[in-house]
>>> print(open('data_15.tsv').read())   # TSV, C-alpha atoms and all ligand atoms
chain	number	residue	atom	x	y	z
A	1	MET	CA	-19.05	13.81	15.69
A	2	LYS	CA	-15.61	12.22	15.84
A	3	ILE	CA	-13.55	13.15	12.77
A	4	ASN	CA	-11.14	10.64	11.25
A	5	ASN	CA	-8.80	12.41	8.83
A	6	PHE	CA	-7.27	10.15	6.14
A	7	SER	CA	-6.14	12.99	3.89
A	8	ALA	CA	-3.08	12.59	1.65
A	9	GLY	CA	-1.76	15.96	2.72
A	10	PRO	CA	-1.85	18.35	4.35
A	11	SER	CA	-2.74	15.56	6.69
A	12	LYS	CA	-3.68	14.64	10.22
A	13	ILE	CA	-1.59	16.05	13.05
A	14	PRO	CA	-1.74	14.15	16.38
A	15	GLN	CA	-3.99	15.83	18.94
A	16	ILE	CA	-1.22	16.08	21.52
A	17	VAL	CA	0.90	18.04	19.02
A	18	LEU	CA	-2.04	20.29	18.11
A	19	ASP	CA	-2.53	21.06	21.81
A	20	GLN	CA	1.12	22.08	22.20
A	21	ILE	CA	0.95	24.22	19.06
A	22	ALA	CA	-2.28	25.88	20.20
A	23	LYS	CA	-0.61	26.86	23.48
A	24	ASP	CA	2.54	28.12	21.76
A	25	ILE	CA	0.50	30.20	19.31
A	26	ILE	CA	-0.86	32.15	22.24
A	27	ASP	CA	2.26	32.19	24.41
A	28	TYR	CA	5.52	30.52	23.41
A	29	GLN	CA	7.37	29.04	26.40
A	30	ASP	CA	5.83	31.61	28.76
A	31	LEU	CA	7.63	34.45	26.98
A	32	GLY	CA	4.39	36.39	26.70
A	33	TYR	CA	4.24	36.31	22.90
A	34	SER	CA	3.37	33.91	20.11
A	35	VAL	CA	5.63	31.47	18.28
A	36	LEU	CA	4.18	33.13	15.17
A	37	GLU	CA	5.88	36.36	16.18
A	38	LEU	CA	9.40	34.94	16.62
A	39	SER	CA	12.05	36.74	14.61
A	40	HIS	CA	14.03	34.39	12.41
A	41	ARG	CA	17.17	36.17	13.66
A	42	SER	CA	16.33	35.64	17.33
A	43	THR	CA	18.38	33.22	19.41
A	44	ILE	CA	15.08	31.47	20.24
A	45	PHE	CA	14.37	30.66	16.59
A	46	GLU	CA	18.03	29.78	15.95
A	47	LYS	CA	17.62	27.21	18.72
A	48	ILE	CA	14.49	25.79	17.01
A	49	LEU	CA	16.44	25.45	13.75
A	50	ARG	CA	19.38	23.77	15.48
A	51	GLN	CA	17.10	21.39	17.40
A	52	THR	CA	15.13	20.47	14.26
A	53	LYS	CA	18.33	19.51	12.45
A	54	ALA	CA	19.66	17.62	15.46
A	55	LYS	CA	16.39	15.68	15.83
A	56	LEU	CA	16.42	14.72	12.14
A	57	ILE	CA	20.00	13.47	12.48
A	58	GLN	CA	19.13	11.49	15.58
A	59	ILE	CA	15.85	9.98	14.35
A	60	LEU	CA	17.06	9.15	10.84
A	61	ASP	CA	20.66	8.23	11.72
A	62	ILE	CA	21.94	10.72	9.16
A	63	PRO	CA	25.69	10.29	8.61
A	64	GLU	CA	28.11	13.19	9.12
A	65	ASN	CA	28.80	13.66	5.42
A	66	PHE	CA	25.26	14.96	4.82
A	67	GLU	CA	24.00	18.56	4.80
A	68	ILE	CA	20.46	19.43	5.86
A	69	ILE	CA	18.68	22.54	4.62
A	70	PHE	CA	15.10	23.78	4.88
A	71	LEU	CA	13.60	25.45	1.83
A	72	GLN	CA	10.33	26.94	0.62
A	73	GLY	CA	8.67	26.28	-2.76
A	74	GLY	CA	7.43	22.79	-1.91
A	75	ALA	CA	8.74	19.57	-3.36
A	76	THR	CA	7.96	21.06	-6.78
A	77	PHE	CA	10.73	23.68	-6.38
A	78	GLN	CA	13.25	20.82	-6.28
A	79	ASN	CA	12.48	20.11	-9.96
A	80	THR	CA	14.35	23.37	-10.66
A	81	PHE	CA	16.64	23.67	-7.65
A	82	ILE	CA	18.41	20.34	-8.18
A	83	PRO	CA	19.25	20.63	-11.92
A	84	ALA	CA	20.10	24.34	-11.56
A	85	ASN	CA	22.67	23.61	-8.87
A	86	LYS	CA	24.13	20.51	-10.44
A	87	PRO	CA	23.69	20.66	-14.23
A	88	SER	CA	26.40	18.01	-14.75
A	89	LEU	CA	23.87	15.60	-13.27
A	90	LEU	CA	21.69	15.91	-16.35
A	91	ASP	CA	24.20	14.02	-18.54
A	92	ASN	CA	24.38	11.25	-16.01
A	93	ILE	CA	20.92	10.51	-14.67
A	94	SER	CA	18.01	8.20	-15.50
A	95	PHE	CA	14.55	8.21	-14.01
A	96	LEU	CA	12.58	5.36	-12.55
A	97	ILE	CA	9.03	6.57	-12.92
A	98	SER	CA	6.33	4.89	-10.88
A	99	GLY	CA	3.69	7.61	-10.96
A	100	THR	CA	2.62	11.19	-11.44
A	101	TRP	CA	5.18	13.02	-9.30
A	102	GLY	CA	8.17	11.28	-10.88
A	103	LYS	CA	6.74	12.00	-14.32
A	104	LYS	CA	6.42	15.69	-13.53
A	105	THR	CA	9.97	15.89	-12.21
A	106	HIS	CA	11.27	14.09	-15.30
A	107	GLU	CA	9.47	16.57	-17.56
A	108	ASP	CA	10.91	19.52	-15.64
A	109	PHE	CA	14.46	18.10	-15.67
A	110	GLN	CA	14.17	17.62	-19.45
A	111	LYS	CA	12.88	21.14	-19.91
A	112	TYR	CA	15.83	22.45	-17.94
A	113	TYR	CA	18.29	20.27	-19.88
A	114	GLY	CA	16.75	20.92	-23.30
A	115	LYS	CA	17.31	17.26	-24.21
A	116	LYS	CA	15.77	13.90	-23.49
A	117	ILE	CA	16.62	12.11	-20.24
A	118	GLU	CA	16.32	8.35	-20.17
A	119	LYS	CA	13.40	7.04	-18.19
A	120	PHE	CA	12.05	3.69	-17.15
A	121	ASP	CA	8.39	3.45	-16.29
A	122	ILE	CA	5.90	0.84	-15.25
A	123	PRO	CA	3.82	-0.26	-18.26
A	124	ASN	CA	0.23	0.80	-17.51
A	125	GLY	CA	1.37	1.31	-13.93
A	126	LYS	CA	0.61	-2.36	-13.29
A	127	HIS	CA	3.16	-4.94	-14.45
A	128	GLY	CA	6.82	-5.76	-14.89
A	129	MET	CA	8.42	-3.92	-11.99
A	130	ASN	CA	11.13	-6.57	-11.53
A	131	GLN	CA	12.22	-6.41	-15.17
A	132	LEU	CA	12.18	-2.68	-14.87
A	133	ILE	CA	14.47	-2.72	-11.84
A	134	SER	CA	16.96	-4.97	-13.67
A	135	ALA	CA	16.95	-2.58	-16.64
A	136	VAL	CA	17.58	0.37	-14.35
A	137	LYS	CA	20.49	-1.47	-12.74
A	138	ARG	CA	22.06	-2.24	-16.14
A	139	ASN	CA	21.74	1.35	-17.24
A	140	GLN	CA	25.02	3.34	-17.52
A	141	SER	CA	24.06	6.48	-15.62
A	142	GLU	CA	25.62	7.11	-12.24
A	143	TYR	CA	22.46	8.68	-10.77
A	144	ILE	CA	18.92	7.36	-10.54
A	145	TYR	CA	15.99	9.54	-9.68
A	146	LEU	CA	12.96	7.95	-8.02
A	147	THR	CA	9.90	8.82	-5.96
A	148	SER	CA	9.93	6.50	-2.96
A	149	ASN	CA	6.17	6.78	-2.61
A	150	GLU	CA	3.87	7.88	-5.39
A	151	THR	CA	1.13	9.50	-3.35
A	152	ILE	CA	-1.46	9.51	-6.13
A	153	GLU	CA	-1.10	5.94	-7.43
A	154	GLY	CA	-0.18	4.39	-4.07
A	155	ILE	CA	3.07	2.80	-5.33
A	156	GLN	CA	6.02	2.57	-2.97
A	157	ILE	CA	9.68	1.72	-3.66
A	158	LYS	CA	10.99	1.98	-0.16
A	159	ASN	CA	13.89	-0.40	-0.56
A	160	THR	CA	16.71	1.95	-1.57
A	161	GLN	CA	19.03	-1.06	-1.43
A	162	LEU	CA	17.59	-2.25	-4.75
A	163	PHE	CA	20.11	0.09	-6.36
A	164	THR	CA	23.20	-0.15	-4.19
A	165	GLU	CA	25.55	0.64	-7.08
A	166	LYS	CA	23.75	3.86	-8.08
A	167	LYS	CA	23.60	7.30	-6.48
A	168	LEU	CA	20.00	8.04	-5.66
A	169	ILE	CA	18.06	11.27	-5.86
A	170	ILE	CA	14.80	10.66	-4.06
A	171	ASP	CA	11.55	12.53	-3.66
A	172	MET	CA	10.48	11.10	-0.30
A	173	SER	CA	7.68	13.60	0.31
A	174	SER	CA	4.96	11.15	1.25
A	175	ASP	CA	6.84	8.46	3.18
A	176	PHE	CA	9.71	10.35	4.79
A	177	CYS	CA	10.01	9.53	8.49
A	178	SER	CA	7.67	6.54	8.25
A	179	TYR	CA	10.43	3.87	8.19
A	180	HIS	CA	14.12	3.47	8.75
A	181	PHE	CA	16.45	3.34	5.72
A	182	ASP	CA	20.09	3.18	4.78
A	183	TRP	CA	21.92	6.32	3.59
A	184	HIS	CA	24.94	4.84	1.88
A	185	ASN	CA	23.74	5.20	-1.73
A	186	ILE	CA	21.67	8.35	-1.27
A	187	SER	CA	22.99	11.48	-2.89
A	188	PHE	CA	20.09	13.90	-2.49
A	189	LEU	CA	16.78	13.37	-0.73
A	190	TYR	CA	13.94	15.82	-0.26
A	191	ALA	CA	10.50	15.83	1.31
A	192	GLY	CA	7.74	18.37	1.72
A	193	ALA	CA	6.62	18.47	5.36
A	194	GLN	CA	2.87	18.20	4.93
A	195	LYS	CA	2.55	14.39	5.31
A	196	ASN	CA	4.53	13.07	8.30
A	197	LEU	CA	6.24	16.26	9.40
A	198	GLY	CA	3.48	18.77	9.89
A	199	ILE	CA	2.29	21.49	7.56
A	200	PRO	CA	3.14	22.91	4.11
A	201	GLY	CA	5.68	25.70	3.76
A	202	VAL	CA	8.92	23.83	4.34
A	203	THR	CA	10.77	21.17	2.37
A	204	VAL	CA	13.68	19.38	3.96
A	205	CYS	CA	16.65	18.59	1.68
A	206	ILE	CA	19.34	16.20	2.87
A	207	PHE	CA	22.31	15.63	0.60
A	208	ASP	CA	25.82	14.32	0.45
A	209	THR	CA	28.33	17.16	0.89
A	210	ASP	CA	29.80	16.34	-2.53
A	211	PHE	CA	26.52	17.53	-4.04
A	212	GLY	CA	27.96	21.05	-4.40
A	213	GLU	CA	26.77	24.05	-6.36
A	214	GLU	CA	28.29	24.17	-9.87
A	215	ASN	CA	26.82	27.41	-11.24
A	216	ASN	CA	27.15	30.89	-9.84
A	217	LEU	CA	23.42	31.08	-9.25
A	218	THR	CA	21.40	34.01	-7.97
A	219	SER	CA	20.57	34.24	-4.28
A	220	TYR	CA	17.70	31.88	-3.35
A	221	LEU	CA	18.48	29.38	-6.08
A	222	ASN	CA	22.08	28.92	-4.94
A	223	ILE	CA	22.37	25.88	-2.65
A	224	GLN	CA	25.61	27.14	-1.15
A	225	ASN	CA	23.86	30.22	0.25
A	226	HIS	CA	21.46	27.98	2.18
A	227	ILE	CA	24.30	25.82	3.47
A	228	ASP	CA	26.45	28.81	4.50
A	229	LYS	CA	23.58	30.62	6.20
A	230	LYS	CA	22.24	27.48	7.88
A	231	SER	CA	18.79	27.73	6.23
A	232	ALA	CA	18.37	31.38	7.22
A	233	PHE	CA	19.71	32.98	4.03
A	234	ASN	CA	16.43	34.87	3.81
A	235	THR	CA	13.37	34.65	6.06
A	236	PRO	CA	12.69	30.93	6.51
A	237	PRO	CA	9.17	29.51	7.09
A	238	THR	CA	9.54	29.82	10.86
A	239	PHE	CA	6.19	28.34	11.89
A	240	SER	CA	6.43	25.34	9.52
A	241	ILE	CA	9.90	24.55	10.88
A	242	TYR	CA	8.65	24.87	14.47
A	243	VAL	CA	5.78	22.44	13.66
A	244	MET	CA	8.30	20.04	12.11
A	245	LEU	CA	10.27	20.04	15.37
A	246	LYS	CA	7.08	19.24	17.29
A	247	MET	CA	6.37	16.34	14.91
A	248	LEU	CA	9.93	15.02	15.27
A	249	ASN	CA	9.58	15.11	19.06
A	250	TRP	CA	6.30	13.22	18.68
A	251	ILE	CA	8.02	10.58	16.50
A	252	GLU	CA	10.71	10.16	19.14
A	253	SER	CA	8.22	9.84	21.98
A	254	ASN	CA	6.33	7.20	19.99
A	255	GLY	CA	9.36	4.94	19.80
A	256	GLY	CA	11.13	6.32	16.71
A	257	LEU	CA	11.10	5.12	13.12
A	258	LYS	CA	11.36	1.39	13.74
A	259	GLU	CA	8.29	1.44	15.96
A	260	LEU	CA	6.33	3.67	13.59
A	261	GLU	CA	7.33	1.49	10.65
A	262	SER	CA	5.99	-1.60	12.37
A	263	ARG	CA	2.74	0.21	13.25
A	264	ASN	CA	2.39	1.47	9.66
A	265	ILE	CA	2.94	-2.01	8.23
A	266	SER	CA	0.44	-3.53	10.64
A	267	LYS	CA	-2.25	-0.92	9.79
A	268	ALA	CA	-1.61	-1.25	6.04
A	269	LYS	CA	-1.79	-5.07	6.23
A	270	LYS	CA	-5.10	-4.86	8.00
A	271	ILE	CA	-6.53	-2.54	5.32
A	272	TYR	CA	-5.15	-4.51	2.36
A	273	SER	CA	-6.30	-7.86	3.69
A	274	PHE	CA	-9.80	-6.45	4.25
A	275	LEU	CA	-9.86	-5.01	0.71
A	276	GLU	CA	-8.53	-8.24	-0.82
A	277	ASP	CA	-11.42	-10.11	0.80
A	278	LYS	CA	-13.83	-7.77	-0.95
A	279	GLU	CA	-12.31	-7.97	-4.40
A	280	SER	CA	-15.65	-9.00	-5.91
A	281	LYS	CA	-16.89	-5.51	-5.02
A	282	LEU	CA	-13.80	-3.38	-5.45
A	283	THR	CA	-10.45	-3.14	-7.24
A	284	LEU	CA	-7.09	-2.42	-5.67
A	285	LEU	CA	-5.37	-0.03	-8.06
A	286	ALA	CA	-1.63	-0.54	-7.37
A	287	PRO	CA	0.41	-3.62	-8.40
A	288	LYS	CA	0.58	-6.00	-5.42
A	289	LEU	CA	4.38	-6.09	-5.12
A	290	TRP	CA	4.61	-2.31	-4.89
A	291	ARG	CA	1.54	-1.47	-2.88
A	292	SER	CA	2.19	1.49	-0.68
A	293	ASN	CA	1.88	1.32	3.08
A	294	ALA	CA	1.33	5.08	3.05
A	295	ASN	CA	-1.45	5.57	0.46
A	296	ILE	CA	-3.89	2.75	-0.22
A	297	VAL	CA	-5.86	3.30	-3.41
A	298	PHE	CA	-8.95	1.38	-4.51
A	299	ASP	CA	-12.17	1.87	-6.39
A	300	PHE	CA	-15.60	0.29	-6.29
A	301	LYS	CA	-16.56	-1.79	-9.29
A	302	GLY	CA	-19.84	0.09	-9.64
A	303	LYS	CA	-18.88	3.71	-10.41
A	304	ASN	CA	-21.87	5.32	-8.72
A	305	LEU	CA	-20.84	3.51	-5.53
A	306	THR	CA	-17.62	5.55	-5.29
A	307	GLU	CA	-19.47	8.84	-5.21
A	308	LEU	CA	-22.01	7.48	-2.75
A	309	PHE	CA	-19.27	6.09	-0.51
A	310	LEU	CA	-17.32	9.35	-0.47
A	311	GLN	CA	-20.46	11.28	0.33
A	312	GLU	CA	-21.46	8.93	3.16
A	313	SER	CA	-17.89	8.93	4.48
A	314	ILE	CA	-17.97	12.68	5.00
A	315	GLU	CA	-21.40	12.46	6.62
A	316	ASN	CA	-19.92	9.91	9.04
A	317	GLY	CA	-16.78	11.89	9.88
A	318	PHE	CA	-14.30	10.05	7.61
A	319	ILE	CA	-12.61	12.82	5.66
A	320	GLY	CA	-9.89	13.11	3.01
A	321	LEU	CA	-10.73	9.75	1.39
A	322	ASN	CA	-11.26	10.90	-2.17
A	323	GLY	CA	-8.68	9.65	-4.67
A	324	HIS	CA	-6.61	12.27	-6.49
A	325	ARG	CA	-8.68	13.98	-9.20
A	326	SER	CA	-6.46	12.39	-11.90
A	327	VAL	CA	-7.24	8.78	-10.85
A	328	GLY	CA	-10.50	9.03	-8.89
A	329	GLY	CA	-11.58	6.24	-6.55
A	330	VAL	CA	-10.79	6.12	-2.86
A	331	ARG	CA	-7.41	6.80	-1.22
A	332	VAL	CA	-6.77	5.92	2.40
A	333	SER	CA	-3.66	7.69	3.61
A	334	ASN	CA	-2.03	5.72	6.38
A	335	TYR	CA	0.55	8.19	7.68
A	336	ASN	CA	2.22	7.99	11.10
A	337	SER	CA	-0.55	9.97	12.79
A	338	VAL	CA	-3.32	7.58	11.68
A	339	THR	CA	-4.11	5.33	14.63
A	340	GLU	CA	-5.09	1.63	14.80
A	341	GLU	CA	-8.44	2.77	16.16
A	342	MET	CA	-9.05	5.03	13.14
A	343	VAL	CA	-8.28	2.11	10.83
A	344	SER	CA	-10.66	-0.22	12.70
A	345	ASP	CA	-13.43	2.38	12.65
A	346	PHE	CA	-12.90	2.98	8.94
A	347	LEU	CA	-13.01	-0.73	8.09
A	348	LEU	CA	-16.17	-1.17	10.12
A	349	PHE	CA	-17.77	1.69	8.24
A	350	LEU	CA	-16.63	0.27	4.87
A	351	GLU	CA	-17.93	-3.18	5.81
A	352	LYS	CA	-21.35	-1.73	6.60
A	353	PHE	CA	-21.36	0.27	3.36
A	354	ILE	CA	-20.51	-2.80	1.28
A	355	SER	CA	-23.14	-4.98	2.91
A	356	SER	CA	-25.89	-2.44	2.44
A	357	ASN	CA	-25.00	-1.63	-1.18
A	401	LIG	C1	5.54	12.49	-3.67
A	401	LIG	C2	5.20	13.93	-3.92
A	401	LIG	N1	6.07	14.69	-4.59
A	401	LIG	C3	5.82	15.99	-4.83
A	401	LIG	C4	4.68	16.59	-4.39
A	401	LIG	C5	4.44	18.06	-4.66
A	401	LIG	O1	4.59	18.73	-3.46
A	401	LIG	P1	4.37	20.30	-3.31
A	401	LIG	O2	2.92	20.54	-3.53
A	401	LIG	O3	4.83	20.57	-1.91
A	401	LIG	O4	5.21	20.99	-4.33
A	401	LIG	C6	3.74	15.84	-3.67
A	401	LIG	C7	2.49	16.46	-3.18
A	401	LIG	O5	1.67	15.91	-2.55
A	401	LIG	C8	4.01	14.47	-3.43
A	401	LIG	O6	3.15	13.71	-2.75
>>> encode(input="data_15.tsv", output="structure tokens", more="lines below")
Ligand SMILES: Cc1ncc(COP(=O)(O)O)c(C=O)c1O
Amino acid sequence: MKINNFSAGPSKIPQIVLDQIAKDIIDYQDLGYSVLELSHRSTIFEKILRQTKAKLIQILDIPENFEIIFLQGGATFQNTFIPANKPSLLDNISFLISGTWGKKTHEDFQKYYGKKIEKFDIPNGKHGMNQLISAVKRNQSEYIYLTSNETIEGIQIKNTQLFTEKKLIIDMSSDFCSYHFDWHNISFLYAGAQKNLGIPGVTVCIFDTDFGEENNLTSYLNIQNHIDKKSAFNTPPTFSIYVMLKMLNWIESNGGLKELESRNISKAKKIYSFLEDKESKLTLLAPKLWRSNANIVFDFKGKNLTELFLQESIENGFIGLNGHRSVGGVRVSNYNSVTEEMVSDFLLFLEKFISSN
């Protein structure tokens, strides 16, 4: 049976990339040993690290005044890493909260600070985003924290130019490398790799060089150590970084971010317009203006239908469609690796399910 993986992450990896990885796991570049066995101090791995950085710079047009480091601990580690390295930020930041991940980061920043940090959130997750944006703009703080794509709720704020006068700290974990964006007002951006850049184990952090370390922090927590040692301060997640390089090469060979962005928009439009046509049977859960192109979240009006649909999906080879346990429903993740054909097959299957239930 053909498997169509719509998982929110770890997510689908293109077959051509899997084939390359499979070969390199057995024998990396005809060296006679596996990529899994590469020493992080070898010149071969140093080359992988250098190439990964260079590809990111090339694909994302990253300006020269930005540092790139690769860390472990997932996106969640950034909730500690960022405030620990730049505590002065905590007096000068507000949060725009559009979903679960932003809320968690806000809670952790407050815990670190020991005081309240101003936040703006979407009432009931449904209305008033424009008023909210104006309020954020009027706010005094120099920095704004936001999650560009809330993976659980399917809410996306991908226009960083909404806040040109603010310095942005962005969790871009679930839409990084799925569209082109401007860097001029970005101060610190991070993304776990397990959506568009491969597998868990590595988080890429890209930040303005003025985002320096302010405390004399212990080894792994100290950002300067990672900058000075070029992401090899201790043993880095070698295989995850290697997979990221393979994914970046795949992005490049598929026409780069502009091309992938246009494919992602076209696939998302197709799914949303299908779902809108069926609104007597199902509910789209995100506010229309902020609907994510990356995670499309809906639920059936009859609750027992959701369970039945998810069960039949798996039986028919459509996997990873269950909504996050906190919101339920169905979530279709439309990352770079999801093809037009997968989307068409899924919509056909959904159409059949709706007409027979
Ligand atoms: C937007 C976003 N931020 C943060 C996280 C947490 O990432 P991690 O599990 O790598 O810590 C996730 C996980 O899916 C996410 O989607």
>>> residues_near_ligand(input="data_15.tsv", ligand="ligand LIG 401 (chain A)", cutoff="9 Å", atoms="only C-alpha atoms and all ligand atoms", output="ChimeraX atom specification")
/A:8-10,72-78,99-102,104-105,147-152,171-175,191-195,200-203
>>> write_last_selection(input="data_15.tsv", atoms="C-alpha atoms", output="mmCIF file, in the frame of the given file")
data_model
loop_
_atom_site.group_PDB
_atom_site.id
_atom_site.type_symbol
_atom_site.label_atom_id
_atom_site.label_comp_id
_atom_site.auth_asym_id
_atom_site.auth_seq_id
_atom_site.Cartn_x
_atom_site.Cartn_y
_atom_site.Cartn_z
ATOM 1 C CA ALA A 8 -3.080 12.590 1.650
ATOM 2 C CA GLY A 9 -1.760 15.960 2.720
ATOM 3 C CA PRO A 10 -1.850 18.350 4.350
ATOM 4 C CA GLN A 72 10.330 26.940 0.620
ATOM 5 C CA GLY A 73 8.670 26.280 -2.760
ATOM 6 C CA GLY A 74 7.430 22.790 -1.910
ATOM 7 C CA ALA A 75 8.740 19.570 -3.360
ATOM 8 C CA THR A 76 7.960 21.060 -6.780
ATOM 9 C CA PHE A 77 10.730 23.680 -6.380
ATOM 10 C CA GLN A 78 13.250 20.820 -6.280
ATOM 11 C CA GLY A 99 3.690 7.610 -10.960
ATOM 12 C CA THR A 100 2.620 11.190 -11.440
ATOM 13 C CA TRP A 101 5.180 13.020 -9.300
ATOM 14 C CA GLY A 102 8.170 11.280 -10.880
ATOM 15 C CA LYS A 104 6.420 15.690 -13.530
ATOM 16 C CA THR A 105 9.970 15.890 -12.210
ATOM 17 C CA THR A 147 9.900 8.820 -5.960
ATOM 18 C CA SER A 148 9.930 6.500 -2.960
ATOM 19 C CA ASN A 149 6.170 6.780 -2.610
ATOM 20 C CA GLU A 150 3.870 7.880 -5.390
ATOM 21 C CA THR A 151 1.130 9.500 -3.350
ATOM 22 C CA ILE A 152 -1.460 9.510 -6.130
ATOM 23 C CA ASP A 171 11.550 12.530 -3.660
ATOM 24 C CA MET A 172 10.480 11.100 -0.300
ATOM 25 C CA SER A 173 7.680 13.600 0.310
ATOM 26 C CA SER A 174 4.960 11.150 1.250
ATOM 27 C CA ASP A 175 6.840 8.460 3.180
ATOM 28 C CA ALA A 191 10.500 15.830 1.310
ATOM 29 C CA GLY A 192 7.740 18.370 1.720
ATOM 30 C CA ALA A 193 6.620 18.470 5.360
ATOM 31 C CA GLN A 194 2.870 18.200 4.930
ATOM 32 C CA LYS A 195 2.550 14.390 5.310
ATOM 33 C CA PRO A 200 3.140 22.910 4.110
ATOM 34 C CA GLY A 201 5.680 25.700 3.760
ATOM 35 C CA VAL A 202 8.920 23.830 4.340
ATOM 36 C CA THR A 203 10.770 21.170 2.370
#
>>> residues_around(input="data_15.tsv", residues="Ile251 (chain A)", least_positions_apart="5", cutoff="9 Å", atoms="all atoms listed in the file", output="list of chain:residue names")
A:Ile59, A:Cys177, A:Lys246, A:Gly256, A:Leu257, A:Leu260, A:Asn336
>>> residues_around(input="data_15.tsv", residues="region 32-39 of chain A", least_positions_apart="5", cutoff="9 Å", atoms="all atoms listed in the file", output="compact mmCIF listing (two decimals) with C-alpha atoms, in the frame of the given file")
# COMPACT_ATOMS: atom_id res chain seq x y z
CA ILE A 21 0.95 24.22 19.06
CA LYS A 23 -0.61 26.86 23.48
CA ASP A 24 2.54 28.12 21.76
CA ILE A 25 0.50 30.20 19.31
CA ILE A 26 -0.86 32.15 22.24
CA ASP A 27 2.26 32.19 24.41
CA ILE A 44 15.08 31.47 20.24
CA PHE A 45 14.37 30.66 16.59
CA THR A 235 13.37 34.65 6.06
CA THR A 238 9.54 29.82 10.86
CA PHE A 239 6.19 28.34 11.89
CA TYR A 242 8.65 24.87 14.47
>>> atom_distance(input="data_15.tsv", atom1="CA of Glu340 (chain A)", atom2="CA of Tyr190 (chain A)")
28.1 Å
>>> closest_residue(input="data_15.tsv", among="A:Ile144, A:Leu89, A:Leu310, A:Ile48", to="Phe211 (chain A)", atoms="all atoms listed in the file")
A:Leu89
>>> axis_aligned_box(input="data_15.tsv", around="region 193-211 of chain A", padding_each_side="5 Å", output="JSON")
{"center_x": 16.0, "center_y": 19.4, "center_z": 2.9, "size_x": 37.5, "size_y": 22.6, "size_z": 23.9}
>>> residues_around(input="data_15.tsv", residues="region 213-218 of chain A", least_positions_apart="2", cutoff="8 Å", atoms="only C-alpha atoms", output="PyMOL selection string")
chain A and resi 84-87+211+220-224
>>> write_last_selection(input="data_15.tsv", atoms="C-alpha atoms", output="PDB file, keeping the file's coordinate frame")
ATOM      1  CA  ALA A  84      20.100  24.340 -11.560  1.00  0.00           C
ATOM      2  CA  ASN A  85      22.670  23.610  -8.870  1.00  0.00           C
ATOM      3  CA  LYS A  86      24.130  20.510 -10.440  1.00  0.00           C
ATOM      4  CA  PRO A  87      23.690  20.660 -14.230  1.00  0.00           C
ATOM      5  CA  PHE A 211      26.520  17.530  -4.040  1.00  0.00           C
ATOM      6  CA  TYR A 220      17.700  31.880  -3.350  1.00  0.00           C
ATOM      7  CA  LEU A 221      18.480  29.380  -6.080  1.00  0.00           C
ATOM      8  CA  ASN A 222      22.080  28.920  -4.940  1.00  0.00           C
ATOM      9  CA  ILE A 223      22.370  25.880  -2.650  1.00  0.00           C
ATOM     10  CA  GLN A 224      25.610  27.140  -1.150  1.00  0.00           C
TER      11      GLN A 224
END
>>> atom_distance(input="data_15.tsv", atom1="CA of Ile13 (chain A)", atom2="CA of Ile206 (chain A)")
23.3 Å
>>> atom_distance(input="data_15.tsv", atom1="CA of Arg331 (chain A)", atom2="CA of Asp19 (chain A)")
27.5 Å
>>> residues_near_point(input="data_15.tsv", point="(23.6, 7.4, 9.7)", cutoff="12 Å", atoms="only C-alpha atoms", output="PyMOL selection string")
chain A and resi 56-66+180-186+206+208
>>> residues_around(input="data_15.tsv", residues="Leu189 (chain A)", least_positions_apart="4", cutoff="6 Å", atoms="only C-alpha atoms", output="number ranges by chain")
A: 169-170, 205-206
>>> residues_around(input="data_15.tsv", residues="Lys116 (chain A)", least_positions_apart="6", cutoff="10 Å", atoms="only C-alpha atoms", output="PyMOL selection string")
chain A and resi 90-91+106-107+109-110
>>> closest_residue(input="data_15.tsv", among="A:Val338, A:Leu289, A:Ile69, A:Ile241", to="Ser266 (chain A)", atoms="only C-alpha atoms")
A:Val338
>>> closest_residue(input="data_15.tsv", among="A:Lys267, A:Lys55, A:His324, A:Lys301", to="Leu284 (chain A)", atoms="only C-alpha atoms")
A:Lys301
>>> closest_residue(input="data_15.tsv", among="A:Leu308, A:Ser313, A:Ser292, A:Asn196", to="Pro14 (chain A)", atoms="all atoms listed in the file")
A:Asn196
>>> closest_residue(input="data_15.tsv", among="A:Leu321, A:Asn334, A:Val204, A:Glu261", to="Pro236 (chain A)", atoms="all atoms listed in the file")
A:Val204
>>> closest_residue(input="data_15.tsv", among="A:Ile122, A:Gly198, A:Pro237, A:Gln161", to="Lys12 (chain A)", atoms="all atoms listed in the file")
A:Gly198
>>> build_atoms(input="data_15.tsv", residues="region 214-219 of chain A", atoms="N, CA and C atoms", output="compact mmCIF listing (two decimals), in the frame of the given file")
# COMPACT_ATOMS: atom_id res chain seq x y z
N GLU A 214 27.36 24.10 -8.74
CA GLU A 214 28.29 24.17 -9.87
C GLU A 214 28.18 25.49 -10.62
N ASN A 215 27.02 26.14 -10.53
CA ASN A 215 26.82 27.41 -11.24
C ASN A 215 26.94 28.54 -10.23
N ASN A 216 27.17 29.75 -10.75
CA ASN A 216 27.15 30.89 -9.84
C ASN A 216 25.73 31.46 -9.83
N LEU A 217 24.84 30.75 -9.14
CA LEU A 217 23.42 31.08 -9.25
C LEU A 217 23.03 32.27 -8.38
N THR A 218 21.91 32.89 -8.75
CA THR A 218 21.40 34.01 -7.97
C THR A 218 20.92 33.52 -6.59
N SER A 219 20.71 34.48 -5.72
CA SER A 219 20.57 34.24 -4.28
C SER A 219 19.79 33.00 -3.83
